[in-house]
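Asks: Pasting in a structure now, in structure tokens, and then I'll have a few things to ask.
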Amino acid sequence: MIALIQRVSEARVEVEGGTAGAIGTGILALVAIEPGDGPVQVERMAERLAGYRIFADEAGRMNRSLRDIGGGLLLVSQFTLAADTKKGMRPSFSQAADPEEARAIFDTLLTACRQRLPRVETGVFGAHMRVYLVNDGPVSFILNVR
């Protein structure tokens with residue numbers, strides 16, 4: 001499982017002209033499910049999303065987590081993060097889980113995040129989404145859970 005996380009002052013996902021999910025201060029997490037991902041990866045990723053320290057403390061150091069600041073999490077599925085881009089001029093998506101498996105695992109991750117955090121929003125799995133964000137910093141990290 002791969003997540004590209006971005007510290008945001010606001011973010012939203014639109015589907016077919018309507019807002020599917022929106023947050024203020026928090027984390028936008030674009031998540032790819034890979035073959036073999038299961039409960040272990042879900043629990044580890046949910047804990048990392050809730051506890052990863054990327055928000056400033058009183059001294060200005062990245063020492064606070066989403067849980068610490070009470071911020072929102074916008075969780076968005078994005079299978080393209082699992083692309084193999086090592087050769088050629090077109091990405092291969094053989095490293096992404098098949099859509100039905102990915103949807104089930106993504107939904108489990110969503111539930112696990114909602115158990116850890118008070119505000120979790122999402123897009124629409126498999127839909128064409130428009131993601132808007134104001135990256136705060138900018139601060140972005142890639143989390144891999146294998």
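Scheme for the structure tokens: letters A, B, ... for chains in order shown; per-chain residue numbers from 1; ligand numbers from 1 in order shown.
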Where does DSSP see strand (DSSP E) in segment 32-119 of chain A, if you list the residues as a list in words?
Replies: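 DSSP-assigned strand (DSSP E) residues in segment 32-119 of chain A: Ala32, Phe55, Ala56, Met62, Asn63, Arg64, Gly72, Leu73, Leu74, Leu75, Val76 and Ser77 of chain A.
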Asks: Compile the contact shell of Gly71 of chain A as a list in words: residues with an atom at most 12 Å away, counting only C-alpha atoms, same-chain residues fewer than 5 positions apart removed.
Replies: Arg7, Val8, Ser9, Glu10, Ala11, Ala22, Ile23, Gly24, Thr25, Gly26, Ile27, Leu28, Leu49, Ala50, Gly51, Ile54, Phe55, Arg64, Ser65, Leu66, Arg116, Leu117, Pro118, Arg119, Val120 and Glu121 of chain A
Asks: Emit the selected residues as a short mmCIF file (atom, residue, chain, number, x, y, z; two decimals), in the first residue's frame, including C-alpha atoms.
Replies:
```cif
data_model
loop_
_atom_site.label_atom_id
_atom_site.label_comp_id
_atom_site.auth_asym_id
_atom_site.auth_seq_id
_atom_site.Cartn_x
_atom_site.Cartn_y
_atom_site.Cartn_z
CA ARG A 7 -0.24 18.66 4.58
CA VAL A 8 -3.05 20.99 3.56
CA SER A 9 -4.81 24.08 4.83
CA GLU A 10 -7.82 22.90 2.82
CA ALA A 11 -8.71 20.20 0.29
CA ALA A 22 -13.80 18.33 1.94
CA ILE A 23 -11.54 19.22 4.87
CA GLY A 24 -9.85 22.26 6.34
CA THR A 25 -6.43 21.89 8.00
CA GLY A 26 -5.22 18.31 7.77
CA ILE A 27 -3.90 15.69 5.38
CA LEU A 28 -4.87 14.79 1.84
CA LEU A 49 -1.95 8.47 8.74
CA ALA A 50 -3.29 9.30 12.21
CA GLY A 51 0.09 9.51 13.92
CA ILE A 54 4.07 16.61 10.04
CA PHE A 55 2.45 19.54 11.86
CA ARG A 64 2.51 16.98 15.91
CA SER A 65 0.27 14.46 14.21
CA LEU A 66 -3.18 14.74 12.70
CA ARG A 116 -8.81 6.67 14.87
CA LEU A 117 -9.81 10.17 13.78
CA PRO A 118 -12.88 12.35 14.28
CA ARG A 119 -13.01 13.80 10.75
CA VAL A 120 -12.39 11.57 7.72
CA GLU A 121 -13.75 12.41 4.28
#
```
Asks: Among chain A, which residues carry a DSSP assignment of alpha helix (DSSP H), reported as a ChimeraX atom specification?
Replies: /A:39-51,66-69,99-116
Asks: Could you turn the residues from that selection into a file that holds N, CA and C atoms, as an mmCIF file, in the first residue's frame?
Replies:
```
data_model
loop_
_atom_site.group_PDB
_atom_site.id
_atom_site.type_symbol
_atom_site.label_atom_id
_atom_site.label_comp_id
_atom_site.auth_asym_id
_atom_site.auth_seq_id
_atom_site.Cartn_x
_atom_site.Cartn_y
_atom_site.Cartn_z
ATOM 1 N N PRO A 39 -5.166 -6.927 5.932
ATOM 2 C CA PRO A 39 -5.395 -6.324 7.254
ATOM 3 C C PRO A 39 -4.146 -5.726 7.903
ATOM 4 N N VAL A 40 -3.008 -6.366 7.745
ATOM 5 C CA VAL A 40 -1.771 -5.852 8.358
ATOM 6 C C VAL A 40 -1.416 -4.490 7.766
ATOM 7 N N GLN A 41 -1.479 -4.386 6.440
ATOM 8 C CA GLN A 41 -1.147 -3.132 5.775
ATOM 9 C C GLN A 41 -2.186 -2.052 6.102
ATOM 10 N N VAL A 42 -3.452 -2.439 6.171
ATOM 11 C CA VAL A 42 -4.514 -1.484 6.505
ATOM 12 C C VAL A 42 -4.275 -0.888 7.885
ATOM 13 N N GLU A 43 -4.024 -1.719 8.874
ATOM 14 C CA GLU A 43 -3.818 -1.231 10.243
ATOM 15 C C GLU A 43 -2.578 -0.349 10.332
ATOM 16 N N ARG A 44 -1.513 -0.763 9.679
ATOM 17 C CA ARG A 44 -0.267 0.018 9.719
ATOM 18 C C ARG A 44 -0.462 1.381 9.044
ATOM 19 N N MET A 45 -1.120 1.394 7.879
ATOM 20 C CA MET A 45 -1.323 2.662 7.182
ATOM 21 C C MET A 45 -2.257 3.572 7.972
ATOM 22 N N ALA A 46 -3.324 3.026 8.519
ATOM 23 C CA ALA A 46 -4.255 3.853 9.305
ATOM 24 C C ALA A 46 -3.536 4.482 10.490
ATOM 25 N N GLU A 47 -2.686 3.722 11.141
ATOM 26 C CA GLU A 47 -1.947 4.255 12.287
ATOM 27 C C GLU A 47 -0.951 5.322 11.847
ATOM 28 N N ARG A 48 -0.300 5.102 10.709
ATOM 29 C CA ARG A 48 0.656 6.101 10.217
ATOM 30 C C ARG A 48 -0.060 7.387 9.806
ATOM 31 N N LEU A 49 -1.207 7.270 9.145
ATOM 32 C CA LEU A 49 -1.946 8.469 8.744
ATOM 33 C C LEU A 49 -2.391 9.273 9.959
ATOM 34 N N ALA A 50 -2.828 8.603 10.993
ATOM 35 C CA ALA A 50 -3.289 9.296 12.207
ATOM 36 C C ALA A 50 -2.125 9.845 13.030
ATOM 37 N N GLY A 51 -0.985 9.160 13.008
ATOM 38 C CA GLY A 51 0.094 9.505 13.916
ATOM 39 C C GLY A 51 1.334 10.127 13.316
ATOM 40 N N LEU A 66 -1.792 14.401 12.993
ATOM 41 C CA LEU A 66 -3.178 14.735 12.698
ATOM 42 C C LEU A 66 -4.045 14.518 13.931
ATOM 43 N N ARG A 67 -3.775 13.445 14.632
ATOM 44 C CA ARG A 67 -4.494 13.143 15.878
ATOM 45 C C ARG A 67 -4.268 14.256 16.908
ATOM 46 N N ASP A 68 -3.033 14.744 17.004
ATOM 47 C CA ASP A 68 -2.694 15.788 17.975
ATOM 48 C C ASP A 68 -3.407 17.107 17.701
ATOM 49 N N ILE A 69 -3.528 17.468 16.419
ATOM 50 C CA ILE A 69 -4.103 18.767 16.091
ATOM 51 C C ILE A 69 -5.612 18.719 15.858
ATOM 52 N N PRO A 99 -9.471 -3.867 -9.338
ATOM 53 C CA PRO A 99 -10.414 -2.909 -8.758
ATOM 54 C C PRO A 99 -11.313 -3.449 -7.647
ATOM 55 N N GLU A 100 -11.836 -4.644 -7.775
ATOM 56 C CA GLU A 100 -12.728 -5.161 -6.725
ATOM 57 C C GLU A 100 -11.976 -5.401 -5.416
ATOM 58 N N GLU A 101 -10.784 -5.986 -5.526
ATOM 59 C CA GLU A 101 -9.955 -6.210 -4.339
ATOM 60 C C GLU A 101 -9.558 -4.862 -3.724
ATOM 61 N N ALA A 102 -9.149 -3.926 -4.573
ATOM 62 C CA ALA A 102 -8.715 -2.616 -4.094
ATOM 63 C C ALA A 102 -9.853 -1.881 -3.388
ATOM 64 N N ARG A 103 -11.063 -1.958 -3.935
ATOM 65 C CA ARG A 103 -12.204 -1.275 -3.314
ATOM 66 C C ARG A 103 -12.457 -1.817 -1.913
ATOM 67 N N ALA A 104 -12.419 -3.127 -1.754
ATOM 68 C CA ALA A 104 -12.668 -3.732 -0.440
ATOM 69 C C ALA A 104 -11.605 -3.305 0.570
ATOM 70 N N ILE A 105 -10.354 -3.304 0.153
ATOM 71 C CA ILE A 105 -9.273 -2.922 1.064
ATOM 72 C C ILE A 105 -9.328 -1.426 1.361
ATOM 73 N N PHE A 106 -9.620 -0.610 0.349
ATOM 74 C CA PHE A 106 -9.746 0.834 0.570
ATOM 75 C C PHE A 106 -10.864 1.119 1.566
ATOM 76 N N ASP A 107 -12.001 0.445 1.415
ATOM 77 C CA ASP A 107 -13.115 0.635 2.349
ATOM 78 C C ASP A 107 -12.735 0.236 3.768
ATOM 79 N N THR A 108 -11.932 -0.821 3.896
ATOM 80 C CA THR A 108 -11.456 -1.250 5.210
ATOM 81 C C THR A 108 -10.520 -0.199 5.797
ATOM 82 N N LEU A 109 -9.654 0.379 4.959
ATOM 83 C CA LEU A 109 -8.768 1.459 5.406
ATOM 84 C C LEU A 109 -9.586 2.668 5.854
ATOM 85 N N LEU A 110 -10.616 3.009 5.113
ATOM 86 C CA LEU A 110 -11.482 4.128 5.469
ATOM 87 C C LEU A 110 -12.108 3.913 6.845
ATOM 88 N N THR A 111 -12.598 2.716 7.090
ATOM 89 C CA THR A 111 -13.181 2.380 8.389
ATOM 90 C C THR A 111 -12.139 2.481 9.496
ATOM 91 N N ALA A 112 -10.936 1.948 9.249
ATOM 92 C CA ALA A 112 -9.863 1.993 10.250
ATOM 93 C C ALA A 112 -9.462 3.430 10.573
ATOM 94 N N CYS A 113 -9.434 4.286 9.568
ATOM 95 C CA CYS A 113 -9.098 5.700 9.800
ATOM 96 C C CYS A 113 -10.201 6.389 10.599
ATOM 97 N N ARG A 114 -11.441 6.075 10.293
ATOM 98 C CA ARG A 114 -12.563 6.675 11.021
ATOM 99 C C ARG A 114 -12.609 6.231 12.485
ATOM 100 N N GLN A 115 -12.038 5.074 12.778
ATOM 101 C CA GLN A 115 -11.946 4.630 14.173
ATOM 102 C C GLN A 115 -10.880 5.401 14.941
ATOM 103 N N ARG A 116 -9.925 5.971 14.234
ATOM 104 C CA ARG A 116 -8.808 6.665 14.869
ATOM 105 C C ARG A 116 -8.958 8.186 14.889
#
```
Asks: Taking only C-alpha atoms into account, which of A:Ser77, A:Thr122, A:Gln95, A:Asn63 comes nearest Ala3 of chain A?
Replies: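 Using only C-alpha atoms, the shortest distance to Ala3 of chain A belongs to A:Ser77.
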Asks: Given the choices A:Glu16, A:Tyr52, A:Val124, A:Pro35, which gets closest to Leu143 of chain A if the distance is worked out from only C-alpha atoms?
Replies: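 Comparing A:Glu16, A:Tyr52, A:Val124, A:Pro35 against Leu143 of chain A, the winner is A:Tyr52.
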Asks: Between atom CA of Ala56 of chain A and atom CA of Gly137 of chain A, measure the distance and give it in Å to one decimal.
Replies: 10.7 Å
Asks: Find the residues around Met1 of chain A up to 8 Å (only C-alpha atoms counted), leave out those fewer than 3 positions away in its own chain, and share them as a PyMOL selection string.
Replies: chain A and resi 31-34+37+41+45+144-146
Asks: Show me, as a ChimeraX atom specification, the residues that have an atom within 12 Å of Gly18 of chain A when counting only C-alpha atoms, minus same-chain residues fewer than 6 positions from it.
Replies: /A:12,123-124,128-131
Asks: May I have the selected residues written with N, CA and C atoms, as a PDB file, in the first residue's frame?
Replies:
```pdb
ATOM      1  N   ARG A  12     -10.444  19.422  -1.179  1.00  0.00           N
ATOM      2  CA  ARG A  12     -11.764  18.879  -1.483  1.00  0.00           C
ATOM      3  C   ARG A  12     -11.693  18.023  -2.737  1.00  0.00           C
ATOM      4  N   GLY A 123     -13.311  10.575  -1.416  1.00  0.00           N
ATOM      5  CA  GLY A 123     -13.850  10.796  -2.749  1.00  0.00           C
ATOM      6  C   GLY A 123     -14.807   9.656  -3.076  1.00  0.00           C
ATOM      7  N   VAL A 124     -14.904   9.312  -4.351  1.00  0.00           N
ATOM      8  CA  VAL A 124     -15.745   8.204  -4.803  1.00  0.00           C
ATOM      9  C   VAL A 124     -14.841   7.218  -5.514  1.00  0.00           C
ATOM     10  N   HIS A 128     -14.138   9.465 -11.821  1.00  0.00           N
ATOM     11  CA  HIS A 128     -13.251  10.539 -12.267  1.00  0.00           C
ATOM     12  C   HIS A 128     -13.422  11.679 -11.263  1.00  0.00           C
ATOM     13  N   MET A 129     -12.359  12.014 -10.561  1.00  0.00           N
ATOM     14  CA  MET A 129     -12.435  13.007  -9.491  1.00  0.00           C
ATOM     15  C   MET A 129     -11.563  14.211  -9.824  1.00  0.00           C
ATOM     16  N   ARG A 130     -11.981  15.347  -9.340  1.00  0.00           N
ATOM     17  CA  ARG A 130     -11.169  16.564  -9.379  1.00  0.00           C
ATOM     18  C   ARG A 130     -10.774  16.838  -7.925  1.00  0.00           C
ATOM     19  N   VAL A 131      -9.471  16.864  -7.696  1.00  0.00           N
ATOM     20  CA  VAL A 131      -8.955  17.060  -6.344  1.00  0.00           C
ATOM     21  C   VAL A 131      -8.340  18.454  -6.265  1.00  0.00           C
TER      22      VAL A 131
END
```
Asks: Neighbouring residues of Phe141 of chain A were defined as those with any atom within 8 Å, considering only C-alpha atoms; residues of the same chain fewer than 6 positions away were excluded. Please report them as a CSV table (one decimal) with N, CA and C atoms, in the first residue's frame.
Replies:
```csv
chain,number,residue,atom,x,y,z
A,4,LEU,N,0.5,8.9,-0.9
A,4,LEU,CA,1.2,10.2,-1.0
A,4,LEU,C,0.3,11.1,-0.1
A,5,ILE,N,1.0,11.6,0.9
A,5,ILE,CA,0.3,12.5,1.9
A,5,ILE,C,0.8,13.9,1.7
A,6,GLN,N,-0.2,14.8,1.8
A,6,GLN,CA,0.2,16.2,1.7
A,6,GLN,C,-0.5,17.0,2.8
```
Asks: Which residue is closest to Leu75 of chain A? Choose from A:Ile142, A:Val13, A:Leu30, A:Pro91 and count only C-alpha atoms.
Replies: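 Between A:Ile142, A:Val13, A:Leu30, A:Pro91, the residue approaching Leu75 of chain A most closely is A:Leu30.
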